[in-house]
Amino acid sequence: MGEWRRTSECGAPRRGDIGREIVVMGWVDGRRDHGGVVFIDLRDRSGLVQVVFNPEESRDAHDTAGGLRSEYVVAVRGTVRERPPETLNPSLATGEVEIKAEEVRVLNDAQTPPFGIEDDTNVAESTRLKYRYLDLRRPAAQEKLLFRHRLAKSIRDYLDRAGYVEIETPILTRSTPEGARDYLVPSRVNQGSFFALPQSPQLFKQILMVAGMDRYFQIVRCFRDEDLRADRQPEFTQVDIEASFVTPEAIYELIEGLLEVAFALRGIALQRPFPRLTYDEAIARYGIDRPDTRFGLELADVTEALRTAELRVFREAAEKGGLIKALAVPEGGRLSRKDLDTLPDEVSQFGAKGVAWARLTPEGWQSPIAKFLSDEQRRAVEVATGAEQGSVILFLADKAKVVNDSLAHLRLVIGDRLGMIPRDENALLWVTDFPLFEYSEEEKRAVAIHHPFTAPRDEDLELLESAPLKVRSRAYDVVWNGTEIGGGSIRIHRRDIQERVFRQLGIGEEEARAKFGFLLDALSYGAPPHGGIALGLDRLAMLLSGSASLRDVIAFPKTQRAACLMTEAPSEVDPRQLRELGLKIDG
RNA sequence: GGGGUGGUAGUUCAGCUCGGUUAGAACGCCGGCCUGUCACGUCGGAGGUCGCGGGUUCAAAUCCCGUCCACCCCGCCA
């Protein structure tokens, strides 16, 4: 580019710039060669501008233009001029002007790209990920990264204004029991020992509270070696927050303000305060702890009403401590017999063996199970579900988890199919009072629902040893349109309570001291009451930018097998590296 | 670990059910022509490991078995 200096971005020139001599640099988006005059669209991050090469105005530039191809990198010195009136292009921000090229320099040529650099691309994602640097040249892709930048910036500014301090915590840290599988990093200096990459900076932020930092935040990478989904990457970014001397209410207020700022970037105003729902209520009414409350279609528990029904699946579910729940779909005529027949396929993935249904017609119940229910039982179901003439009632009877998972899924499928979900609404809510523990069939013991540092509710403290599964926690999630976008809790700040919780989790005194000694020590040196929350920045960026996948808002994402198609990571390593680490590959 | 969808030209796809000429289309690419286009136009051309391996068959893109990769879901992910 010699001594040339870029004086304008491609997307900048407007009517007011007419007559200015400028230098633009960018990529050739396309070339239209008329034999005489040649047009080039030049693209950079800011947009597109048309450059005109006229052989009568500059022979050299025109000659060079003839050899340009897509994605060549060029610099153009020229004059902004008005387009002839009949050639204005209203679909281009710069469409009222063009650049008359006086001199052009090819800064780099380019191979023909494997796919066109355009927004409406229909190219396999694996191809786009392999050539991510080309994929990211697409304006739509760049817009998502730019939005993510603005989102992170406004969150940072908001928390700074609120007195929160961003503090970095270690990436090489120690593996802890509980929770997700760790990514491990072998230590060369201490052979046979491993660091773990943090699943979150949980313990460090608590210790910063003990250290008196008062209000901490960090926009921080977290790592979990678990299987991937469209909304789950092995490394992801969290807005991690912790504060001393807070109640849940203080956290709610802080986060509602933060989300207000975030949604404002999309011109969305939020209703505050957000509604609250206890965990028990969420499960009862929606079958899930992250309900989409943009629409009704709530579940009803009809276990008691149908406990004695003449139907074996119902009776057995009730006898074995399971549930019978029902869902009334208004205007059920819109669900055809064929629709109803496909419902069992929808729920088999959750272990459900079937879905019973009933149509409420003027002639009464039209249903394969009608003859097994008494008039009284049918009336009780109608009352419980709020079913009316024309409704279709769906029934599930099984173990509680199967029933709730299945109906929660059916609620979404039917709500979507019948167009009951108002797409332009934003339903934000807090789900509170999660249980502290749940029983793990796999491990045959209680495990923490949130994490082992979550405080029990004071009034449930006495149940910790006698009825641990009944203890409610001071944990909360923030849910948006059926997606969990963040969760947190008030933490345990007393050593004795932390030790009792560890004991319930099957972590003995010795293990607790070995693995969490530093935390227990810290708690015994004047730890203030504290609590916090973590928001999923990738998920927020994904949802606010209308993306279908987390991969769209991460510059260099991993595939479902946790691989990077561009760098081909993970890879084998040199045997010498393994020797230095004292590692042997088995098999 | 399990269930599902897909893999054919650089790209997006058709062909596969019912095995049988030279595996097609569009876009892109290359060359010629063209002085106001912006999805430029027009004439011509090149381009294929039918994901990979094995099997059945006179004959396989097509049928069978295995395997790899990508995506979606269940399990898993405090």
# chains A, B, ... in the order shown; residues from 1 in each chain; ligands from 1
>>> closest_atom_pairs(of="chain B", to="chain A", cutoff="10 Å", atoms="only C-alpha atoms (C1' of nucleotides)", output="Markdown table")
| residue | atom | partner | partner_atom | distance |
| --- | --- | --- | --- | --- |
| B:G3 | C1' | A:Gln349 | CA | 8.1 |
| B:G10 | C1' | A:Pro114 | CA | 5.3 |
| B:U11 | C1' | A:Phe115 | CA | 5.7 |
| B:U12 | C1' | A:Asn122 | CA | 6.8 |
| B:C27 | C1' | A:Gly116 | CA | 9.6 |
| B:G28 | C1' | A:Gly116 | CA | 7.9 |
| B:C29 | C1' | A:Thr112 | CA | 7.7 |
| B:C33 | C1' | A:Gly35 | CA | 8.0 |
| B:C34 | C1' | A:Gly35 | CA | 5.2 |
| B:U35 | C1' | A:Gly36 | CA | 4.4 |
| B:G36 | C1' | A:Thr87 | CA | 7.0 |
| B:U37 | C1' | A:Arg32 | CA | 6.4 |
| B:C38 | C1' | A:Asn89 | CA | 7.5 |
| B:C40 | C1' | A:Arg32 | CA | 6.4 |
| B:G41 | C1' | A:His34 | CA | 9.0 |
| B:C69 | C1' | A:Ser126 | CA | 9.3 |
| B:A70 | C1' | A:Ser126 | CA | 6.0 |
| B:C71 | C1' | A:Gln560 | CA | 8.1 |
| B:C72 | C1' | A:Ala230 | CA | 8.1 |
| B:C73 | C1' | A:Gln349 | CA | 8.3 |
| B:C74 | C1' | A:Gln349 | CA | 5.8 |
| B:G75 | C1' | A:Asp227 | CA | 9.9 |
| B:C76 | C1' | A:Glu226 | CA | 6.6 |
| B:C77 | C1' | A:Glu226 | CA | 5.8 |
| B:A78 | C1' | A:His450 | CA | 4.0 |
>>> select_by_dssp(residues="region 421-542 of chain A", states="strand (DSSP E)", output="PyMOL selection string")
chain A and resi 428-432+437-440+445-448+475-480+483-490+530-536
>>> select_by_dssp(residues="region 177-223 of chain A", states="alpha helix (DSSP H)", output="PyMOL selection string")
chain A and resi 202-210
>>> write_last_selection(atoms="N, CA, C and O atoms", output="compact mmCIF listing (two decimals), in the first residue's frame")
# COMPACT_ATOMS: atom_id res chain seq x y z
N GLN A 202 -16.27 -19.97 40.84
CA GLN A 202 -17.11 -19.97 42.03
C GLN A 202 -16.33 -19.72 43.33
O GLN A 202 -16.63 -18.79 44.07
N LEU A 203 -15.34 -20.56 43.60
CA LEU A 203 -14.67 -20.44 44.90
C LEU A 203 -13.83 -19.17 44.99
O LEU A 203 -13.76 -18.54 46.03
N PHE A 204 -13.22 -18.79 43.86
CA PHE A 204 -12.40 -17.58 43.90
C PHE A 204 -13.26 -16.35 44.19
O PHE A 204 -12.85 -15.45 44.91
N LYS A 205 -14.45 -16.31 43.61
CA LYS A 205 -15.24 -15.09 43.84
C LYS A 205 -15.74 -15.06 45.28
O LYS A 205 -15.83 -14.00 45.89
N GLN A 206 -16.01 -16.24 45.86
CA GLN A 206 -16.39 -16.25 47.27
C GLN A 206 -15.24 -15.79 48.14
O GLN A 206 -15.42 -15.05 49.11
N ILE A 207 -14.04 -16.23 47.77
CA ILE A 207 -12.89 -15.85 48.58
C ILE A 207 -12.57 -14.37 48.42
O ILE A 207 -12.10 -13.73 49.36
N LEU A 208 -12.89 -13.81 47.25
CA LEU A 208 -12.74 -12.36 47.10
C LEU A 208 -13.69 -11.61 48.04
O LEU A 208 -13.38 -10.51 48.50
N MET A 209 -14.84 -12.23 48.33
CA MET A 209 -15.75 -11.61 49.31
C MET A 209 -15.13 -11.67 50.70
O MET A 209 -15.16 -10.68 51.44
N VAL A 210 -14.53 -12.81 51.04
CA VAL A 210 -13.85 -12.92 52.33
C VAL A 210 -12.71 -11.90 52.38
O VAL A 210 -12.40 -11.34 53.43
>>> atom_distance(atom1="CA of Ala455 (chain A)", atom2="CA of Ile490 (chain A)")
5.7 Å
>>> closest_residue(among="B:G53, B:G4, B:G44, B:G15", to="C68 (chain B)", atoms="only C-alpha atoms (C1' of nucleotides)")
B:G53
>>> closest_residue(among="A:Glu310, A:Leu159, A:Leu565, A:Ile497", to="Ile255 (chain A)", atoms="only C-alpha atoms")
A:Leu159
>>> residues_around(residues="Asp460 (chain A)", least_positions_apart="6", cutoff="12 Å", atoms="only C-alpha atoms (C1' of nucleotides)", output="MDAnalysis selection string")
chainID A and resid 433 435:436 466:474
>>> residues_around(residues="C65 (chain B)", least_positions_apart="2", cutoff="12 Å", atoms="only C-alpha atoms (C1' of nucleotides)", output="PyMOL selection string")
chain B and resi 53-56+63+67
>>> residues_around(residues="Leu151 (chain A)", least_positions_apart="6", cutoff="8 Å", atoms="only C-alpha atoms (C1' of nucleotides)", output="list in words")
Ala262, Leu265 and Ala541 of chain A
>>> residues_around(residues="region 317-322 of chain A", least_positions_apart="2", cutoff="7 Å", atoms="only C-alpha atoms (C1' of nucleotides)", output="MDAnalysis selection string")
chainID A and resid 303 307 313:315 324 397:400
>>> write_last_selection(atoms="C-alpha atoms", output="short mmCIF file (atom, residue, chain, number, x, y, z; two decimals), in the first residue's frame")
data_model
loop_
_atom_site.label_atom_id
_atom_site.label_comp_id
_atom_site.auth_asym_id
_atom_site.auth_seq_id
_atom_site.Cartn_x
_atom_site.Cartn_y
_atom_site.Cartn_z
CA THR A 303 -53.53 -37.82 40.64
CA ARG A 307 -56.34 -42.58 41.82
CA VAL A 313 -51.76 -47.22 34.01
CA PHE A 314 -53.44 -44.50 36.06
CA ARG A 315 -53.91 -46.63 39.17
CA ILE A 324 -51.20 -38.28 36.81
CA ALA A 397 -49.41 -41.09 34.13
CA ASP A 398 -45.97 -42.30 35.18
CA LYS A 399 -43.11 -41.46 37.50
CA ALA A 400 -43.17 -37.77 38.41
#
>>> atom_distance(atom1="C1' of G2 (chain B)", atom2="CA of Gly536 (chain A)")
28.5 Å
>>> atom_distance(atom1="CA of Asp44 (chain A)", atom2="CA of Val76 (chain A)")
12.7 Å
>>> residues_around(residues="Ser175 (chain A)", least_positions_apart="6", cutoff="12 Å", atoms="only C-alpha atoms (C1' of nucleotides)", output="short mmCIF file (atom, residue, chain, number, x, y, z; two decimals) with C-alpha atoms, in the first residue's frame")
data_model
loop_
_atom_site.label_atom_id
_atom_site.label_comp_id
_atom_site.auth_asym_id
_atom_site.auth_seq_id
_atom_site.Cartn_x
_atom_site.Cartn_y
_atom_site.Cartn_z
CA ARG A 181 -16.39 -33.20 34.14
CA ASP A 182 -13.23 -31.08 34.28
CA TYR A 183 -10.85 -30.28 31.48
CA LEU A 184 -7.48 -31.29 32.89
CA VAL A 185 -4.05 -29.79 32.25
CA PRO A 186 -1.03 -31.88 33.25
CA SER A 193 -0.51 -33.73 39.14
CA PHE A 194 -3.08 -31.86 37.11
CA PHE A 195 -4.66 -28.47 36.95
CA ALA A 196 -8.30 -28.20 35.98
CA LEU A 197 -9.78 -25.43 33.88
CA PRO A 198 -12.50 -23.69 35.87
CA GLN A 199 -16.13 -24.73 35.43
CA SER A 200 -16.72 -21.29 36.89
CA PRO A 201 -14.69 -19.06 39.23
CA LEU A 203 -14.67 -20.44 44.90
CA PHE A 223 -14.98 -24.90 30.71
CA ARG A 224 -17.05 -28.06 31.05
CA ALA A 514 -8.08 -32.06 51.43
CA LYS A 515 -10.20 -30.56 48.67
CA PHE A 516 -11.82 -27.50 50.22
#
